[in-house]
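Student: Contents are mmCIF, C-alpha atoms and all ligand atoms; file name my_file_5.cif:
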```cif
data_work
#
loop_
_atom_site.label_atom_id
_atom_site.label_comp_id
_atom_site.auth_asym_id
_atom_site.auth_seq_id
_atom_site.Cartn_x
_atom_site.Cartn_y
_atom_site.Cartn_z
CA MET A 10 29.64 30.47 9.63
CA SER A 11 27.35 32.33 7.24
CA TRP A 12 23.97 33.87 7.95
CA PHE A 13 22.41 31.04 6.02
CA ASP A 14 23.91 28.51 8.44
CA TRP A 15 22.50 30.45 11.38
CA LEU A 16 19.06 30.57 9.85
CA SER A 17 18.85 26.97 8.66
CA PRO A 18 17.69 24.49 11.22
CA LYS A 19 20.41 21.92 11.84
CA ARG A 20 19.59 18.37 11.03
CA GLU A 21 21.41 15.64 12.90
CA PRO A 22 23.25 13.51 10.38
CA SER A 23 21.52 10.17 10.82
CA SER A 24 23.43 6.95 10.31
CA PRO A 25 22.46 5.12 7.12
CA LEU A 26 19.90 2.35 7.50
CA PRO A 27 20.81 -1.28 6.74
CA TRP A 28 19.21 -1.28 3.28
CA ALA A 29 20.97 -4.40 1.96
CA GLN A 30 19.94 -6.39 5.00
CA ALA A 31 16.35 -5.20 4.62
CA LEU A 32 16.29 -6.14 0.92
CA ALA A 33 17.55 -9.63 1.76
CA ALA A 34 14.83 -10.03 4.40
CA LEU A 35 11.92 -9.27 2.05
CA PRO A 36 11.14 -12.08 -0.44
CA ILE A 37 8.85 -9.88 -2.61
CA LEU A 38 11.85 -7.68 -3.50
CA GLN A 39 14.18 -10.48 -4.46
CA GLY A 40 13.26 -10.71 -8.14
CA LEU A 41 14.02 -7.06 -8.80
CA SER A 42 17.11 -6.26 -10.84
CA VAL A 43 20.15 -4.78 -9.13
CA SER A 44 19.41 -1.34 -10.57
CA GLU A 45 15.78 -1.57 -9.46
CA GLN A 46 16.88 -2.54 -5.94
CA GLN A 47 19.25 0.41 -5.92
CA ARG A 48 16.45 2.74 -7.04
CA LEU A 49 14.17 1.26 -4.37
CA CYS A 50 16.72 2.06 -1.64
CA GLU A 51 17.04 5.64 -2.91
CA LEU A 52 13.28 6.06 -2.90
CA GLY A 53 13.06 4.49 0.58
CA ALA A 54 15.62 6.93 1.94
CA GLY A 55 13.79 9.78 0.20
CA LEU A 56 10.50 8.71 1.75
CA LEU A 57 11.95 8.71 5.28
CA ALA A 58 13.61 12.07 4.63
CA HIS A 59 10.38 13.71 3.46
CA LYS A 60 7.75 12.10 5.68
CA THR A 61 7.59 12.30 9.45
CA LEU A 62 7.71 8.87 11.06
CA THR A 63 5.81 9.15 14.33
CA GLN A 64 6.09 6.19 16.67
CA LEU A 65 3.41 6.07 19.34
CA GLY A 66 4.31 3.48 21.94
CA VAL A 67 6.55 1.61 19.51
CA ALA A 68 10.22 1.93 18.58
CA LEU A 69 11.24 0.48 15.25
CA THR A 70 14.81 -0.74 14.90
CA PRO A 71 16.82 0.67 11.95
CA LEU A 72 16.23 -2.64 10.12
CA GLN A 73 12.46 -2.43 10.69
CA GLN A 74 12.46 1.17 9.43
CA ALA A 75 14.30 0.14 6.29
CA LYS A 76 11.91 -2.77 5.68
CA LEU A 77 8.91 -0.49 6.13
CA ALA A 78 10.31 2.10 3.73
CA LEU A 79 11.28 -0.41 1.03
CA GLN A 80 7.84 -2.00 0.96
CA ALA A 81 6.23 1.42 0.99
CA VAL A 82 8.05 2.55 -2.15
CA LEU A 83 7.69 -0.71 -4.10
CA PRO A 84 4.45 0.49 -5.79
CA ILE A 85 6.06 3.79 -6.86
CA LEU A 86 9.34 2.27 -8.07
CA HIS A 87 8.66 3.60 -11.59
CA LEU A 88 6.31 6.45 -10.61
CA GLY A 89 8.41 8.49 -8.18
CA LEU A 90 7.84 9.96 -4.72
CA ASP A 91 5.50 12.67 -6.07
CA TRP A 92 2.78 10.05 -6.11
CA TYR A 93 2.92 10.06 -2.28
CA ALA A 94 2.37 13.82 -2.10
CA GLY A 95 -1.03 13.24 -0.46
CA PHE A 96 0.36 12.66 3.03
CA HIS A 97 3.16 13.96 5.23
CA GLU A 98 3.22 11.63 8.20
CA ILE A 99 3.35 7.90 8.90
CA ILE A 100 2.08 7.04 12.37
CA LEU A 101 2.91 3.68 13.91
CA ILE A 102 0.80 2.32 16.72
CA PRO A 103 1.44 -0.96 18.61
CA GLU A 104 -1.80 -2.86 17.89
CA PRO A 105 -4.87 -2.54 15.66
CA VAL A 106 -7.50 -0.21 17.06
CA THR A 107 -10.99 -1.43 17.82
CA ARG A 108 -13.52 1.25 17.16
CA HIS A 109 -17.18 1.48 18.10
CA ASP A 110 -19.23 3.54 15.69
CA MET A 111 -22.94 4.30 15.88
CA VAL A 112 -24.55 3.72 12.51
CA GLN A 113 -28.08 4.37 11.39
CA ASP A 114 -29.79 2.05 8.94
CA GLU A 115 -32.32 2.98 6.24
CA PHE A 116 -35.19 2.62 8.74
CA GLY A 117 -33.61 5.01 11.23
CA LEU A 118 -32.54 2.24 13.60
CA VAL A 119 -29.26 3.10 15.33
CA SER A 120 -26.87 0.34 16.30
CA GLU A 121 -23.30 0.06 17.41
CA VAL A 122 -20.81 -1.46 15.01
CA GLU A 123 -17.43 -2.71 16.15
CA SER A 124 -14.58 -2.64 13.66
CA VAL A 125 -10.89 -3.45 13.92
CA HIS A 126 -8.45 -1.17 12.12
CA ALA A 127 -4.94 -2.43 11.37
CA GLY A 128 -4.27 0.58 9.21
CA GLU A 129 -5.99 3.72 8.12
CA SER A 130 -5.58 6.18 5.34
CA TRP A 131 -7.65 9.35 5.28
CA GLN A 132 -7.69 12.00 2.57
CA GLN A 133 -4.87 14.48 3.34
CA GLY A 134 -4.36 12.74 6.68
CA PRO A 135 -1.50 10.64 7.97
CA LEU A 136 -0.99 6.99 7.20
CA VAL A 137 -1.65 4.94 10.34
CA LEU A 138 -0.20 1.43 10.64
CA ALA A 139 -0.30 -1.10 13.47
CA ARG A 140 3.18 -2.51 14.01
CA SER A 141 1.88 -5.92 15.13
CA GLU A 142 0.31 -6.32 11.69
CA LEU A 143 3.50 -5.42 9.82
CA ALA A 144 5.62 -8.24 11.20
CA GLY A 145 4.48 -10.78 8.61
CA ASP A 146 4.63 -8.44 5.62
CA GLY A 147 7.13 -8.95 2.83
CA GLY A 148 6.36 -12.51 1.74
CA TRP A 149 4.53 -13.98 -1.26
CA ASP A 150 1.37 -14.63 0.75
CA GLY A 151 -1.11 -12.18 -0.75
CA TYR A 152 -1.19 -9.76 2.17
CA ASN A 153 0.64 -6.51 2.78
CA LEU A 154 -0.80 -3.84 5.03
CA ILE A 155 1.68 -1.16 3.94
CA ILE A 156 0.90 -1.59 0.25
CA HIS A 157 -2.84 -1.79 1.00
CA GLU A 158 -2.93 1.53 2.85
CA LEU A 159 -0.65 3.30 0.36
CA THR A 160 -2.89 2.16 -2.48
CA HIS A 161 -5.68 4.15 -0.82
CA LYS A 162 -3.36 7.16 -0.92
CA LEU A 163 -2.73 6.69 -4.66
CA ASP A 164 -6.47 6.24 -5.19
CA MET A 165 -7.23 9.48 -3.28
CA LEU A 166 -4.83 11.50 -5.44
CA GLY A 167 -7.66 11.48 -7.96
CA GLY A 168 -10.21 12.81 -5.44
CA GLU A 169 -12.29 10.55 -3.25
CA ALA A 170 -11.31 6.91 -2.71
CA ASP A 171 -13.32 5.26 -5.46
CA GLY A 172 -10.92 2.73 -6.93
CA VAL A 173 -9.83 5.07 -9.73
CA PRO A 174 -6.44 6.76 -9.25
CA PRO A 175 -5.19 9.38 -11.73
CA MET A 176 -4.32 7.58 -14.96
CA ARG A 177 -0.75 7.28 -16.18
CA PRO A 178 0.26 8.43 -19.67
CA GLY A 179 -1.20 6.17 -22.34
CA MET A 180 -3.90 4.74 -20.08
CA LYS A 181 -7.63 5.19 -20.58
CA MET A 182 -9.88 5.74 -17.56
CA SER A 183 -12.82 4.21 -19.44
CA GLU A 184 -10.88 0.96 -19.87
CA TRP A 185 -9.80 0.99 -16.21
CA ARG A 186 -13.41 1.48 -15.07
CA ARG A 187 -14.68 -1.23 -17.43
CA ASP A 188 -12.16 -3.86 -16.27
CA PHE A 189 -12.36 -3.07 -12.56
CA GLN A 190 -16.17 -2.81 -12.55
CA ALA A 191 -16.55 -6.23 -14.21
CA ALA A 192 -14.19 -7.86 -11.73
CA PHE A 193 -15.74 -6.06 -8.74
CA ASP A 194 -19.22 -7.20 -9.81
CA GLU A 195 -18.03 -10.79 -10.07
CA GLN A 196 -16.30 -10.54 -6.69
CA ARG A 197 -19.50 -9.24 -5.06
CA VAL A 198 -21.72 -11.96 -6.54
CA ARG A 199 -19.29 -14.69 -5.52
CA ALA A 200 -18.71 -13.19 -2.05
CA GLU A 201 -22.46 -13.39 -1.44
CA ARG A 202 -22.27 -17.09 -2.31
CA ASN A 203 -19.26 -17.51 0.05
CA ASP A 204 -17.23 -18.38 -3.02
CA ALA A 205 -15.04 -15.27 -3.35
CA PRO A 206 -11.87 -16.07 -5.35
CA ILE A 207 -9.88 -13.45 -3.39
CA ASP A 208 -10.30 -11.89 0.07
CA PRO A 209 -14.07 -11.21 0.46
CA TYR A 210 -13.18 -7.82 1.95
CA ALA A 211 -12.49 -6.71 -1.64
CA ALA A 212 -16.25 -6.91 -2.26
CA THR A 213 -17.07 -4.21 0.31
CA HIS A 214 -16.21 -1.14 -1.80
CA PRO A 215 -14.47 -0.31 -5.10
CA ALA A 216 -11.65 1.39 -3.11
CA GLU A 217 -11.09 -1.80 -1.10
CA PHE A 218 -11.21 -3.85 -4.29
CA LEU A 219 -8.35 -1.75 -5.68
CA ALA A 220 -6.38 -1.95 -2.41
CA VAL A 221 -6.79 -5.72 -2.07
CA THR A 222 -6.02 -6.46 -5.73
CA THR A 223 -2.93 -4.21 -5.54
CA GLU A 224 -1.78 -6.13 -2.45
CA LEU A 225 -2.17 -9.32 -4.47
CA PHE A 226 -0.48 -7.78 -7.49
CA PHE A 227 2.70 -7.30 -5.46
CA THR A 228 2.50 -10.30 -3.12
CA ASP A 229 0.62 -13.06 -5.00
CA PRO A 230 0.43 -11.94 -8.62
CA ARG A 231 -0.20 -15.49 -9.87
CA LEU A 232 -3.51 -15.66 -8.01
CA LEU A 233 -4.63 -12.24 -9.25
CA HIS A 234 -3.58 -13.04 -12.81
CA ASP A 235 -5.50 -16.32 -12.72
CA VAL A 236 -8.68 -14.86 -11.26
CA TYR A 237 -8.91 -11.32 -12.65
CA PRO A 238 -6.48 -11.14 -15.63
CA ALA A 239 -7.86 -7.84 -16.97
CA VAL A 240 -7.29 -6.20 -13.57
CA TYR A 241 -3.78 -7.63 -13.45
CA CYS A 242 -3.11 -6.15 -16.89
CA GLN A 243 -4.36 -2.68 -15.89
CA LEU A 244 -2.11 -2.76 -12.81
CA THR A 245 0.96 -3.72 -14.88
CA ARG A 246 0.34 -0.63 -17.00
CA PHE A 247 -0.27 1.62 -14.03
CA PHE A 248 2.74 0.51 -11.96
CA GLU A 249 4.97 -0.35 -14.98
CA GLN A 250 5.84 -3.60 -13.24
CA ASP A 251 5.11 -7.27 -13.95
CA PRO A 252 5.53 -9.02 -10.57
CA LEU A 253 4.39 -12.33 -12.10
CA THR A 254 7.88 -12.66 -13.55
CA ARG A 255 9.36 -12.30 -10.07
CA GLN A 256 7.16 -14.69 -8.09
CA PRO A 257 8.94 -18.00 -7.52
CA PHE A 258 7.11 -21.27 -8.20
CA THR A 259 6.37 -23.24 -5.09
CA SER A 260 5.31 -26.85 -5.05
ZN ZN A 301 -8.58 -0.57 2.92
#
```
Represent the structure contained in this file as structure tokens.
Tutor:
Amino acid sequence: MSWFDWLSPKREPSSPLPWAQALAALPILQGLSVSEQQRLCELGAGLLAHKTLTQLGVALTPLQQAKLALQAVLPILHLGLDWYAGFHEIILIPEPVTRHDMVQDEFGLVSEVESVHAGESWQQGPLVLARSELAGDGGWDGYNLIIHELTHKLDMLGGEADGVPPMRPGMKMSEWRRDFQAAFDEQRVRAERNDAPIDPYAATHPAEFLAVTTELFFTDPRLLHDVYPAVYCQLTRFFEQDPLTRQPFTS
């Protein structure tokens, strides 16, 4: 044994996760090519090797861990793990947290606001996910908590969460702002009329608009493409993916 072996902390060799089984259990990954699926598994393993997975009152099975990791790396399939440099820990909690915050309005009136948090993503902080909300993720239904929260992380790589992540090569921030602002404005007007074409939550803040449209991009691209085609186009350029070609037609 060398000095180096003495000094290096020993890592228990962990048994490989059931990646193939996890891939087969997640419909949104089925249209990927074999090489893309292979790359996704490598990135998923890399994510779990580099981020601490803290389980508070929950214990994910190896299959659940693999499913979590594969969905987490879907957005960065062509970007690489560096894009998740903004956090070091994923914390799983059993149920969404209900929080009571005191807020003050413009007239100085203080009131208590109750909000339910299924996931949270703070600048430089850990990613917090409620396991009960993850169970349904992975289908073509327009919702995905993991992708939603990780989109906030990508957004915050460019500073505050404002719906504008760092641009990829060849992209123009002015065009991104133009297309997202127009769609966000439309979403807000229609949400006020109770006629929002996508989840009204997207109208609450530009960062939530990006997170909700990115969820749709990966889990119901047809809807996003129909409603906000310019946003869909920007996201294809950012993620270098075109999920519309993967989404199966349903009757
Ligand atoms: Zn959000």
Student: Which chains and residue numbers are within 10 Å of ligand ZN 301 (chain A), counting only C-alpha atoms and all ligand atoms, if I want them as a PyMOL selection string?
Tutor: chain A and resi 126-130+154+156-161+170+210-211+213-221
Student: Write out the residues from the selection above, keeping C-alpha atoms, as a CSV table (one decimal), keeping the file's coordinate frame.
Tutor:
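Printed below is again-v3.csv as written:
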```csv
chain,number,residue,atom,x,y,z
A,126,HIS,CA,-8.4,-1.2,12.1
A,127,ALA,CA,-4.9,-2.4,11.4
A,128,GLY,CA,-4.3,0.6,9.2
A,129,GLU,CA,-6.0,3.7,8.1
A,130,SER,CA,-5.6,6.2,5.3
A,154,LEU,CA,-0.8,-3.8,5.0
A,156,ILE,CA,0.9,-1.6,0.2
A,157,HIS,CA,-2.8,-1.8,1.0
A,158,GLU,CA,-2.9,1.5,2.8
A,159,LEU,CA,-0.6,3.3,0.4
A,160,THR,CA,-2.9,2.2,-2.5
A,161,HIS,CA,-5.7,4.2,-0.8
A,170,ALA,CA,-11.3,6.9,-2.7
A,210,TYR,CA,-13.2,-7.8,2.0
A,211,ALA,CA,-12.5,-6.7,-1.6
A,213,THR,CA,-17.1,-4.2,0.3
A,214,HIS,CA,-16.2,-1.1,-1.8
A,215,PRO,CA,-14.5,-0.3,-5.1
A,216,ALA,CA,-11.6,1.4,-3.1
A,217,GLU,CA,-11.1,-1.8,-1.1
A,218,PHE,CA,-11.2,-3.8,-4.3
A,219,LEU,CA,-8.4,-1.8,-5.7
A,220,ALA,CA,-6.4,-2.0,-2.4
A,221,VAL,CA,-6.8,-5.7,-2.1
```
Student: Have a look at A:Ala34, A:Gly95, A:Gln243, A:Glu51 and name the one nearest to Lys181 of chain A; count all atoms listed in the file.
Tutor: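 Looking only at the distances to Lys181 of chain A, the closest residue turns out to be A:Gln243.
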Student: Between A:Pro178, A:Gly53, A:Pro230, A:Gly147, which has the minimum distance to Leu86 of chain A (counting all atoms listed in the file)?
Tutor: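 Comparing A:Pro178, A:Gly53, A:Pro230, A:Gly147 against Leu86 of chain A, the winner is A:Gly53.
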Student: Rounded to one decimal place, report the atom CA of Val137 of chain A-atom CA of Leu38 of chain A distance in Å.
Tutor: 23.1 Å
Student: Give the answer as one residue: which of A:Gln64, A:Leu49, A:Ala75, A:Phe226 has the shortest atom-to-atom distance to Ala31 of chain A, using only C-alpha atoms?
Tutor: A:Ala75
Student: Can you find the residues with an atom no farther than 12 Å from (-13.2, -2.8, -11.2), counting only C-alpha atoms, and report them as a PyMOL selection string?
Tutor: chain A and resi 171-174+182-197+211-212+214-223+237-241+243-244
Student: Using only C-alpha atoms, I'd like a table of the residues in segment 57-109 of chain A that come within 10 Å of segment 249-255 of chain A; for each, show the closest atom pair and its distance in Å rounded to one decimal, ordered by chain and ascending number, as a Markdown table.
Tutor:
```
| residue | atom | partner | partner_atom | distance |
| --- | --- | --- | --- | --- |
| A:Leu83 | CA | A:Gln250 | CA | 9.8 |
| A:Pro84 | CA | A:Gln250 | CA | 8.6 |
| A:Ile85 | CA | A:Glu249 | CA | 9.2 |
| A:Leu86 | CA | A:Gln250 | CA | 8.6 |
| A:His87 | CA | A:Glu249 | CA | 6.4 |
| A:Leu88 | CA | A:Glu249 | CA | 8.2 |
```
Student: Quick one: residues within 9 Å of Leu232 of chain A, only C-alpha atoms, excluding same-chain residues fewer than 4 positions away - as a ChimeraX atom specification?
Tutor: /A:151,206-207,225-226,236-237
Student: One decimal, Å: what's the distance from atom CA of Leu26 of chain A over to atom CA of Asp229 of chain A, could you say?
Tutor: 27.7 Å
Student: With all atoms listed in the file as the atoms that count, which of A:Thr228, A:Ser24, A:Gln74, A:Asn153 lies nearest to Leu56 of chain A?
Tutor: A:Gln74
Student: For a cut-off of 10 Å around (0.4, -1.0, 14.3), file coordinates, pick out all residues using all atoms listed in the file and list them as an mmCIF file with C-alpha atoms, keeping the file's coordinate frame.
Tutor:
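Result saved to out.cif:
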```cif
data_model
loop_
_atom_site.group_PDB
_atom_site.id
_atom_site.type_symbol
_atom_site.label_atom_id
_atom_site.label_comp_id
_atom_site.auth_asym_id
_atom_site.auth_seq_id
_atom_site.Cartn_x
_atom_site.Cartn_y
_atom_site.Cartn_z
ATOM 1 C CA GLN A 64 6.090 6.190 16.670
ATOM 2 C CA LEU A 65 3.410 6.070 19.340
ATOM 3 C CA GLY A 66 4.310 3.480 21.940
ATOM 4 C CA VAL A 67 6.550 1.610 19.510
ATOM 5 C CA ILE A 100 2.080 7.040 12.370
ATOM 6 C CA LEU A 101 2.910 3.680 13.910
ATOM 7 C CA ILE A 102 0.800 2.320 16.720
ATOM 8 C CA PRO A 103 1.440 -0.960 18.610
ATOM 9 C CA GLU A 104 -1.800 -2.860 17.890
ATOM 10 C CA PRO A 105 -4.870 -2.540 15.660
ATOM 11 C CA VAL A 106 -7.500 -0.210 17.060
ATOM 12 C CA HIS A 126 -8.450 -1.170 12.120
ATOM 13 C CA ALA A 127 -4.940 -2.430 11.370
ATOM 14 C CA GLY A 128 -4.270 0.580 9.210
ATOM 15 C CA VAL A 137 -1.650 4.940 10.340
ATOM 16 C CA LEU A 138 -0.200 1.430 10.640
ATOM 17 C CA ALA A 139 -0.300 -1.100 13.470
ATOM 18 C CA ARG A 140 3.180 -2.510 14.010
ATOM 19 C CA SER A 141 1.880 -5.920 15.130
ATOM 20 C CA GLU A 142 0.310 -6.320 11.690
ATOM 21 C CA LEU A 143 3.500 -5.420 9.820
ATOM 22 C CA ALA A 144 5.620 -8.240 11.200
ATOM 23 C CA LEU A 154 -0.800 -3.840 5.030
#
```
Student: If we count only C-alpha atoms, what is near Met111 of chain A at a cut-off of 7 Å, once residues fewer than 2 positions away on the same chain are taken out, given as a PyMOL selection string?
Tutor: chain A and resi 109+113+119-122
Student: Quick one: pull the distance between atom CA of Pro257 of chain A and atom CA of Leu90 of chain A, Å, one decimal.
Tutor: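 It comes out at 28.1 Å.
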Student: Identify, on the basis of all atoms listed in the file, every residue whose closest approach to Trp28 of chain A does not exceed 9 Å; exclude the query and any residue fewer than 3 positions from it along the same chain; express the result as a list in words.
Tutor: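 These residues fall inside the cut-off: Pro25, Ala31, Leu32, Ala33, Cys50, Gly53, Leu72, Ala75, Lys76 and Leu79 of chain A.
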Student: Nearest residue to Gln73 of chain A out of A:Gly40, A:Gly145, A:Gly134, A:Gly55, using only C-alpha atoms?
Tutor: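 Answer, going by the shortest atom-to-atom distance: A:Gly145.
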